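Visitor: Below you'll find the structure I mean.
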Amino acid sequence: MQAPSDSAATSPGLPPYPEGWYFVASRQALARTGLIAKRWMGIEIVAWADDQGRPCVAESYCPHLGAYLGPDGGGRVCEGRLVCPFHGFEFDTTGQCVRTPYAAAPRSAALRVFETREIAGMVFAWWGLEGRVPQWHLPAETPEQDGWCEIEIRTLRFPGHPQETTENAVDLAHLRYVHGYDGVGQADPIEVDGAALLSRFSFQSDRRIGPLRYASLDVTALTSVHGLGYSFVEFLERNLGLDGRLWILSTPVDGDQIDLSIVSQLREMTLPRGLAWPLNALPRAPRTSLLNRFLNYIQHRDVLQDVAIWSRKRYRARPRLCRSDGEIMRYRSYCSQFYPAKESAPAVSDDRSGDMQAAAG
Ligand code: FES
Ligand SMILES: [Fe+2]
């Protein structure tokens with residue numbers, strides 16, 4: 001690991017692109033737009049799915065003569081294949097060129113693709129140091145979807161780093177100070193198992209609009225962190241009777257900005273209690289979706305309080321901690337595996353390695 005140092009800019013003491021799985025797009029967005037283009041981990045990528053629903057995440061420059069393949073450059077998807085706007089080469093979801101309009105497809109013409117994994121309608125791609133293959137995986141099981149509403153996603157972009165945003169999962173002191181939660185408690189010490197980290201905690205929170213208290217929440221939560229791009233929170237709220245999930249997905253854009261996606265999902269509820277009782281007039285599915293949208297909104301409001309801190313903070317490699325800060329340094333030691341030494345990464349044989357070195361710098 002490079003020795004991170006205290007620093008004046010946002011987080012330059014940390015390499016900008018830690019190894020791991022990072023969110024690309026939702027299945028819904030892929031279906032809606034057909035072809036997505038974005039900046040991700042410092043490079044331009046495109047994402048689409050073929051007629052069987054297999055997603056592909058690829059670098060968005062054609063291996064033929066380098067045309068840009070995003071939709072605003074004329075790239076399009078035809079019968080599940082990505083078609084280049086310059087000479088019409090077509091690529092399947094393995095990245096291979098399988099057709100051209102005027103000659104046999106050259107075998108050597110292939111897009112640089114990233115391994116993908118889909119969980120609950122969200123597509124993730126692996127970012128490996130110098131292009132190396134996945135060193136670990138996201139959880140094999142997708143959480144049960146029957147009886148749960150559709151996911152709701154909201155994304156914020158700001159200057160930050162995924163190690164800093166994920167650190168809040170073990171920084172319980174900030175829950176009280178920044179978000180005003182009461183009775184914050186860690187049930188057990190955090191558990192680390194390879195790339196997975198588990199943290200259990202509980203808190204109470206009065207939710208207000210101005211001076212008006214509209215709910216009093218009593219929450220227990222289990223956070224499962226899998227690398228710095230994927231945090232999954234399962235929670236139970238006792239007063240309203242909510243059984244819910246949150247995914248907090250932190251994705252570097254360009255070495256300065258990150259996208260933080262807040263994804264929420266609720267189990268369909270029979271009888272919401274407390275102030276949610278008027279919602280009982282609605283059928284169960286729309287009632288749960290409405291509550292989920294509201295949950296996402298209030299979670300997003302909480303995260304905005306964090307963003308105000310994250311977007312201005314400096315990374316402290318040697319933080320001066322107090323006794324009850326507990327698990328911060330254990331978390332940092334867990335993080336070091338996502339910045340492997342370059343010497344331990346196998347060499348990449350094609351011309352990608354230059355890009356990767358620059359990106360992983
Ligand atoms: S540059 Fe893409 S087909 Fe020629
Ligand atoms: Fe927070």
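Just so we're on the same page: first chain in the structure tokens is A, next is B, and so on; residues restart at 1 for each chain, and ligands are numbered from 1 in the order they show up.
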Which chain A residues have any atom within 7 Å of an atom of ligand 2, and for each, what is the nearest pair of atoms with distance in Å to one decimal, counting only C-alpha atoms and all ligand atoms, rows sorted by chain and number, as JSON lines?
Guide:
```
{"residue": "A:Asn168", "atom": "CA", "partner": "ligand 2", "partner_atom_place_in_ligand_line": "1 (Fe)", "distance": 5.8}
{"residue": "A:His174", "atom": "CA", "partner": "ligand 2", "partner_atom_place_in_ligand_line": "1 (Fe)", "distance": 6.5}
{"residue": "A:Leu175", "atom": "CA", "partner": "ligand 2", "partner_atom_place_in_ligand_line": "1 (Fe)", "distance": 5.8}
{"residue": "A:Val178", "atom": "CA", "partner": "ligand 2", "partner_atom_place_in_ligand_line": "1 (Fe)", "distance": 6.9}
{"residue": "A:His179", "atom": "CA", "partner": "ligand 2", "partner_atom_place_in_ligand_line": "1 (Fe)", "distance": 6.7}
{"residue": "A:Asp302", "atom": "CA", "partner": "ligand 2", "partner_atom_place_in_ligand_line": "1 (Fe)", "distance": 6.5}
{"residue": "A:Val303", "atom": "CA", "partner": "ligand 2", "partner_atom_place_in_ligand_line": "1 (Fe)", "distance": 5.8}
{"residue": "A:Asp306", "atom": "CA", "partner": "ligand 2", "partner_atom_place_in_ligand_line": "1 (Fe)", "distance": 5.1}
```
Visitor: Taking only C-alpha atoms and all ligand atoms and a cut-off of 7 Å, can you tell me which residues surround ligand 1, written as a VMD selection string?
Guide: chain A and resid 62 to 67 84 to 89
Visitor: Given the selection you just returned, output its residues as a file containing C-alpha atoms, formatted as a CSV table (one decimal), in the first residue's frame.
Guide:
```csv
chain,number,residue,atom,x,y,z
A,62,CYS,CA,-13.6,1.4,-30.6
A,63,PRO,CA,-10.6,-0.9,-31.0
A,64,HIS,CA,-10.8,-0.3,-34.8
A,65,LEU,CA,-9.9,3.4,-35.2
A,66,GLY,CA,-10.8,4.7,-31.9
A,67,ALA,CA,-14.3,6.2,-32.3
A,84,CYS,CA,-19.7,1.8,-33.7
A,85,PRO,CA,-20.8,5.0,-35.4
A,86,PHE,CA,-17.6,5.3,-37.6
A,87,HIS,CA,-17.5,2.1,-39.7
A,88,GLY,CA,-20.3,0.0,-38.2
A,89,PHE,CA,-18.2,-2.7,-36.4
```
Visitor: When you count only C-alpha atoms, which of these residues is closest to A:Gln257: A:Arg312, A:Arg54, A:Arg318, A:Arg32?
Guide: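 Checking each candidate against A:Gln257, we get A:Arg312 as the closest.
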Visitor: Interatomic distance between atom CA of A:Arg154 and atom CA of A:Trp310?
Guide: 17.7 Å
Visitor: Show which residues sit within 8 Å of A:Val233, as a compact mmCIF listing (two decimals) with all heavy atoms, in the first residue's frame. Count only C-alpha atoms, and ignore same-chain residues fewer than 2 positions away.
Guide:
```txt
# COMPACT_ATOMS: atom_id res chain seq x y z
N ALA A 221 -29.42 -2.18 13.15
CA ALA A 221 -28.93 -2.30 11.78
C ALA A 221 -27.70 -3.18 11.73
O ALA A 221 -26.90 -3.23 12.67
CB ALA A 221 -28.59 -0.91 11.22
N LEU A 222 -27.58 -3.89 10.62
CA LEU A 222 -26.38 -4.69 10.35
C LEU A 222 -25.81 -4.20 9.02
O LEU A 222 -26.49 -4.27 7.99
CB LEU A 222 -26.75 -6.18 10.24
CG LEU A 222 -25.65 -7.10 9.71
CD1 LEU A 222 -24.44 -7.10 10.63
CD2 LEU A 222 -26.18 -8.52 9.55
N THR A 223 -24.60 -3.67 9.06
CA THR A 223 -23.95 -3.18 7.83
C THR A 223 -22.93 -4.22 7.36
O THR A 223 -22.08 -4.65 8.14
CB THR A 223 -23.21 -1.85 8.09
OG1 THR A 223 -24.16 -0.90 8.56
CG2 THR A 223 -22.57 -1.32 6.83
N SER A 224 -23.03 -4.61 6.09
CA SER A 224 -22.05 -5.51 5.48
C SER A 224 -21.31 -4.72 4.41
O SER A 224 -21.91 -4.31 3.41
CB SER A 224 -22.73 -6.70 4.80
OG SER A 224 -23.69 -7.27 5.65
N SER A 231 -21.65 -1.04 0.30
CA SER A 231 -22.07 -1.23 1.69
C SER A 231 -23.56 -1.54 1.69
O SER A 231 -24.35 -0.83 1.06
CB SER A 231 -21.84 0.04 2.52
OG SER A 231 -20.47 0.31 2.62
N PHE A 235 -31.93 -3.25 8.10
CA PHE A 235 -32.36 -2.65 9.36
C PHE A 235 -33.79 -3.04 9.71
O PHE A 235 -34.61 -3.37 8.85
CB PHE A 235 -32.21 -1.11 9.32
CG PHE A 235 -33.16 -0.43 8.36
CD1 PHE A 235 -34.44 -0.08 8.76
CD2 PHE A 235 -32.76 -0.14 7.07
CE1 PHE A 235 -35.32 0.55 7.89
CE2 PHE A 235 -33.63 0.48 6.19
CZ PHE A 235 -34.91 0.83 6.60
N ARG A 245 -33.84 -2.21 3.68
CA ARG A 245 -32.47 -2.36 3.22
C ARG A 245 -32.00 -1.05 2.61
O ARG A 245 -32.79 -0.34 1.97
CB ARG A 245 -32.39 -3.41 2.12
CG ARG A 245 -32.88 -4.77 2.52
CD ARG A 245 -33.06 -5.64 1.29
NE ARG A 245 -33.42 -7.00 1.66
CZ ARG A 245 -34.05 -7.84 0.85
NH1 ARG A 245 -34.41 -7.46 -0.36
NH2 ARG A 245 -34.32 -9.05 1.25
N LEU A 246 -30.74 -0.78 2.81
CA LEU A 246 -30.10 0.35 2.13
C LEU A 246 -28.79 -0.14 1.54
O LEU A 246 -28.07 -0.91 2.18
CB LEU A 246 -29.78 1.48 3.13
CG LEU A 246 -30.93 2.26 3.73
CD1 LEU A 246 -30.41 3.12 4.88
CD2 LEU A 246 -31.59 3.14 2.67
N TRP A 247 -28.52 0.28 0.35
CA TRP A 247 -27.19 0.09 -0.21
C TRP A 247 -26.57 1.48 -0.35
O TRP A 247 -27.22 2.42 -0.85
CB TRP A 247 -27.25 -0.53 -1.60
CG TRP A 247 -27.56 -1.98 -1.67
CD1 TRP A 247 -26.67 -3.01 -1.77
CD2 TRP A 247 -28.86 -2.60 -1.73
NE1 TRP A 247 -27.33 -4.21 -1.87
CE2 TRP A 247 -28.67 -3.98 -1.84
CE3 TRP A 247 -30.17 -2.11 -1.68
CZ2 TRP A 247 -29.73 -4.88 -1.93
CZ3 TRP A 247 -31.22 -3.00 -1.75
CH2 TRP A 247 -30.99 -4.37 -1.87
N ILE A 248 -25.36 1.64 0.14
CA ILE A 248 -24.64 2.90 -0.04
C ILE A 248 -23.47 2.57 -0.96
O ILE A 248 -22.55 1.83 -0.59
CB ILE A 248 -24.15 3.46 1.32
CG1 ILE A 248 -25.32 3.56 2.33
CG2 ILE A 248 -23.48 4.81 1.11
CD1 ILE A 248 -26.41 4.53 1.97
```
Visitor: What separation in Å, quoted to one decimal, exists between atom CA of A:Ile309 and atom CA of A:Ala195?
Guide: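 So the answer is 26.4 Å.
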Visitor: If we count only C-alpha atoms and set the cut-off at 8 Å, which residues sit around A:Tyr22, ignoring sequence neighbours fewer than 4 positions away in its own chain? Please answer as a list in words.
Guide: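 Here the answer would be Phe124, Ala125, Trp126, Trp127, Gly229, Tyr230, Leu249, Ser250 and Thr251 of chain A.
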Visitor: Could you give me, as a ChimeraX atom specification, each residue of stretch 71-212 of chain A that DSSP assigns to strand (DSSP E or B) when run on this structure's backbone?
Guide: /A:76-78,81-83,90-91,96-99,110,113-114,116-119,122-127,148,152-159,182-186,191-193,196-209,212
Visitor: For the atom pair atom CA of A:Trp21 and atom CA of A:Thr116, what is the interatomic distance in Å to one decimal place?
Guide: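 One can read the atom CA of A:Trp21 to atom CA of A:Thr116 distance as 8.5 Å.
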Visitor: Quick one: of A:Gly227, A:Gly80, A:Gly326, A:Gly74, who's nearest to A:Gly95, counting only C-alpha atoms?
Guide: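 For A:Gly95, the nearest of the candidates is A:Gly80.
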Visitor: Can you pull out the residues contacting A:Thr94? Cut-off 12 Å, using only C-alpha atoms, and skip same-chain residues under 4 positions away; I want them as a list in words.
Guide: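 The residues satisfying every condition are Ala47, Trp48, Ala49, Asp50, Arg54, Pro55, Cys56, Val57, Ala58, Gly80, Arg81, Leu82, Glu90, Val98, Ala109, Ala110, Leu111, Arg112, Val113, Phe114, Glu115 and Thr116 of chain A.
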Visitor: Using only C-alpha atoms, which residues sit within 7 Å of A:Arg284 once same-chain residues fewer than 3 positions away are excluded, as an MDAnalysis selection string?
Guide: chainID A and resid 268:270 287:288
Visitor: From stretch 212-333 of chain A, collect each residue whose DSSP state is alpha helix (DSSP H) and return the set as a PDB file with N, CA and C atoms, in the first residue's frame.
Guide:
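File written: selection.pdb
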```pdb
ATOM      1  N   ARG A 284     -51.277  -2.662  -0.700  1.00  0.00           N
ATOM      2  CA  ARG A 284     -49.983  -2.886  -0.052  1.00  0.00           C
ATOM      3  C   ARG A 284     -48.783  -2.475  -0.930  1.00  0.00           C
ATOM      4  N   ALA A 285     -48.805  -2.847  -2.225  1.00  0.00           N
ATOM      5  CA  ALA A 285     -47.617  -2.586  -3.059  1.00  0.00           C
ATOM      6  C   ALA A 285     -47.357  -1.087  -3.244  1.00  0.00           C
ATOM      7  N   PRO A 286     -48.356  -0.292  -3.672  1.00  0.00           N
ATOM      8  CA  PRO A 286     -48.080   1.144  -3.813  1.00  0.00           C
ATOM      9  C   PRO A 286     -47.781   1.829  -2.486  1.00  0.00           C
ATOM     10  N   ARG A 287     -48.404   1.306  -1.403  1.00  0.00           N
ATOM     11  CA  ARG A 287     -48.141   1.872  -0.073  1.00  0.00           C
ATOM     12  C   ARG A 287     -46.663   1.700   0.287  1.00  0.00           C
ATOM     13  N   THR A 288     -46.134   0.494   0.027  1.00  0.00           N
ATOM     14  CA  THR A 288     -44.736   0.243   0.367  1.00  0.00           C
ATOM     15  C   THR A 288     -43.812   1.080  -0.523  1.00  0.00           C
ATOM     16  N   SER A 289     -44.148   1.189  -1.810  1.00  0.00           N
ATOM     17  CA  SER A 289     -43.302   1.987  -2.717  1.00  0.00           C
ATOM     18  C   SER A 289     -43.257   3.442  -2.280  1.00  0.00           C
ATOM     19  N   LEU A 290     -44.422   3.936  -1.849  1.00  0.00           N
ATOM     20  CA  LEU A 290     -44.478   5.336  -1.409  1.00  0.00           C
ATOM     21  C   LEU A 290     -43.614   5.540  -0.164  1.00  0.00           C
ATOM     22  N   LEU A 291     -43.747   4.609   0.780  1.00  0.00           N
ATOM     23  CA  LEU A 291     -42.924   4.702   1.996  1.00  0.00           C
ATOM     24  C   LEU A 291     -41.440   4.586   1.660  1.00  0.00           C
ATOM     25  N   ASN A 292     -41.136   3.736   0.697  1.00  0.00           N
ATOM     26  CA  ASN A 292     -39.734   3.547   0.308  1.00  0.00           C
ATOM     27  C   ASN A 292     -39.169   4.823  -0.316  1.00  0.00           C
ATOM     28  N   ARG A 293     -40.004   5.481  -1.104  1.00  0.00           N
ATOM     29  CA  ARG A 293     -39.549   6.741  -1.701  1.00  0.00           C
ATOM     30  C   ARG A 293     -39.267   7.767  -0.595  1.00  0.00           C
ATOM     31  N   PHE A 294     -40.119   7.760   0.406  1.00  0.00           N
ATOM     32  CA  PHE A 294     -39.934   8.695   1.514  1.00  0.00           C
ATOM     33  C   PHE A 294     -38.686   8.325   2.323  1.00  0.00           C
ATOM     34  N   LEU A 295     -38.511   7.021   2.559  1.00  0.00           N
ATOM     35  CA  LEU A 295     -37.312   6.561   3.270  1.00  0.00           C
ATOM     36  C   LEU A 295     -36.050   7.012   2.524  1.00  0.00           C
ATOM     37  N   ASN A 296     -36.066   6.865   1.189  1.00  0.00           N
ATOM     38  CA  ASN A 296     -34.898   7.254   0.399  1.00  0.00           C
ATOM     39  C   ASN A 296     -34.648   8.756   0.530  1.00  0.00           C
ATOM     40  N   TYR A 297     -35.741   9.496   0.543  1.00  0.00           N
ATOM     41  CA  TYR A 297     -35.615  10.959   0.667  1.00  0.00           C
ATOM     42  C   TYR A 297     -35.002  11.340   2.013  1.00  0.00           C
ATOM     43  N   ILE A 298     -35.468  10.721   3.120  1.00  0.00           N
ATOM     44  CA  ILE A 298     -34.923  11.136   4.421  1.00  0.00           C
ATOM     45  C   ILE A 298     -33.482  10.631   4.584  1.00  0.00           C
ATOM     46  N   GLN A 299     -33.195   9.479   3.990  1.00  0.00           N
ATOM     47  CA  GLN A 299     -31.819   8.993   4.044  1.00  0.00           C
ATOM     48  C   GLN A 299     -30.901   9.947   3.271  1.00  0.00           C
ATOM     49  N   HIS A 300     -31.384  10.392   2.134  1.00  0.00           N
ATOM     50  CA  HIS A 300     -30.626  11.334   1.316  1.00  0.00           C
ATOM     51  C   HIS A 300     -30.395  12.647   2.081  1.00  0.00           C
ATOM     52  N   ARG A 301     -31.404  13.062   2.844  1.00  0.00           N
ATOM     53  CA  ARG A 301     -31.230  14.290   3.646  1.00  0.00           C
ATOM     54  C   ARG A 301     -30.140  14.085   4.690  1.00  0.00           C
ATOM     55  N   ASP A 302     -30.116  12.902   5.323  1.00  0.00           N
ATOM     56  CA  ASP A 302     -29.056  12.605   6.293  1.00  0.00           C
ATOM     57  C   ASP A 302     -27.693  12.614   5.616  1.00  0.00           C
ATOM     58  N   VAL A 303     -27.634  11.989   4.432  1.00  0.00           N
ATOM     59  CA  VAL A 303     -26.344  11.897   3.734  1.00  0.00           C
ATOM     60  C   VAL A 303     -25.852  13.286   3.325  1.00  0.00           C
ATOM     61  N   LEU A 304     -26.767  14.191   3.026  1.00  0.00           N
ATOM     62  CA  LEU A 304     -26.333  15.561   2.695  1.00  0.00           C
ATOM     63  C   LEU A 304     -25.569  16.185   3.864  1.00  0.00           C
ATOM     64  N   GLN A 305     -25.952  15.806   5.096  1.00  0.00           N
ATOM     65  CA  GLN A 305     -25.198  16.311   6.259  1.00  0.00           C
ATOM     66  C   GLN A 305     -23.771  15.773   6.240  1.00  0.00           C
ATOM     67  N   ASP A 306     -23.617  14.506   5.802  1.00  0.00           N
ATOM     68  CA  ASP A 306     -22.270  13.935   5.675  1.00  0.00           C
ATOM     69  C   ASP A 306     -21.505  14.595   4.537  1.00  0.00           C
ATOM     70  N   VAL A 307     -22.215  14.847   3.424  1.00  0.00           N
ATOM     71  CA  VAL A 307     -21.544  15.423   2.243  1.00  0.00           C
ATOM     72  C   VAL A 307     -20.905  16.763   2.592  1.00  0.00           C
ATOM     73  N   ALA A 308     -21.591  17.533   3.434  1.00  0.00           N
ATOM     74  CA  ALA A 308     -21.030  18.831   3.839  1.00  0.00           C
ATOM     75  C   ALA A 308     -19.673  18.644   4.506  1.00  0.00           C
ATOM     76  N   ILE A 309     -19.507  17.529   5.231  1.00  0.00           N
ATOM     77  CA  ILE A 309     -18.222  17.225   5.876  1.00  0.00           C
ATOM     78  C   ILE A 309     -17.247  16.607   4.871  1.00  0.00           C
ATOM     79  N   TRP A 310     -17.709  15.548   4.178  1.00  0.00           N
ATOM     80  CA  TRP A 310     -16.815  14.804   3.271  1.00  0.00           C
ATOM     81  C   TRP A 310     -16.191  15.707   2.213  1.00  0.00           C
ATOM     82  N   ILE A 328     -11.978   2.775  14.204  1.00  0.00           N
ATOM     83  CA  ILE A 328     -11.512   3.472  12.995  1.00  0.00           C
ATOM     84  C   ILE A 328     -10.215   2.860  12.456  1.00  0.00           C
ATOM     85  N   MET A 329      -9.234   2.608  13.304  1.00  0.00           N
ATOM     86  CA  MET A 329      -7.958   2.115  12.794  1.00  0.00           C
ATOM     87  C   MET A 329      -8.081   0.658  12.337  1.00  0.00           C
ATOM     88  N   ARG A 330      -8.973  -0.101  12.962  1.00  0.00           N
ATOM     89  CA  ARG A 330      -9.201  -1.464  12.468  1.00  0.00           C
ATOM     90  C   ARG A 330      -9.806  -1.417  11.067  1.00  0.00           C
ATOM     91  N   TYR A 331     -10.704  -0.476  10.872  1.00  0.00           N
ATOM     92  CA  TYR A 331     -11.289  -0.290   9.540  1.00  0.00           C
ATOM     93  C   TYR A 331     -10.200   0.085   8.532  1.00  0.00           C
ATOM     94  N   ARG A 332      -9.303   0.970   8.926  1.00  0.00           N
ATOM     95  CA  ARG A 332      -8.252   1.404   7.993  1.00  0.00           C
ATOM     96  C   ARG A 332      -7.328   0.244   7.630  1.00  0.00           C
ATOM     97  N   SER A 333      -7.080  -0.602   8.618  1.00  0.00           N
ATOM     98  CA  SER A 333      -6.226  -1.747   8.308  1.00  0.00           C
ATOM     99  C   SER A 333      -6.963  -2.710   7.353  1.00  0.00           C
TER     100      SER A 333
END
```
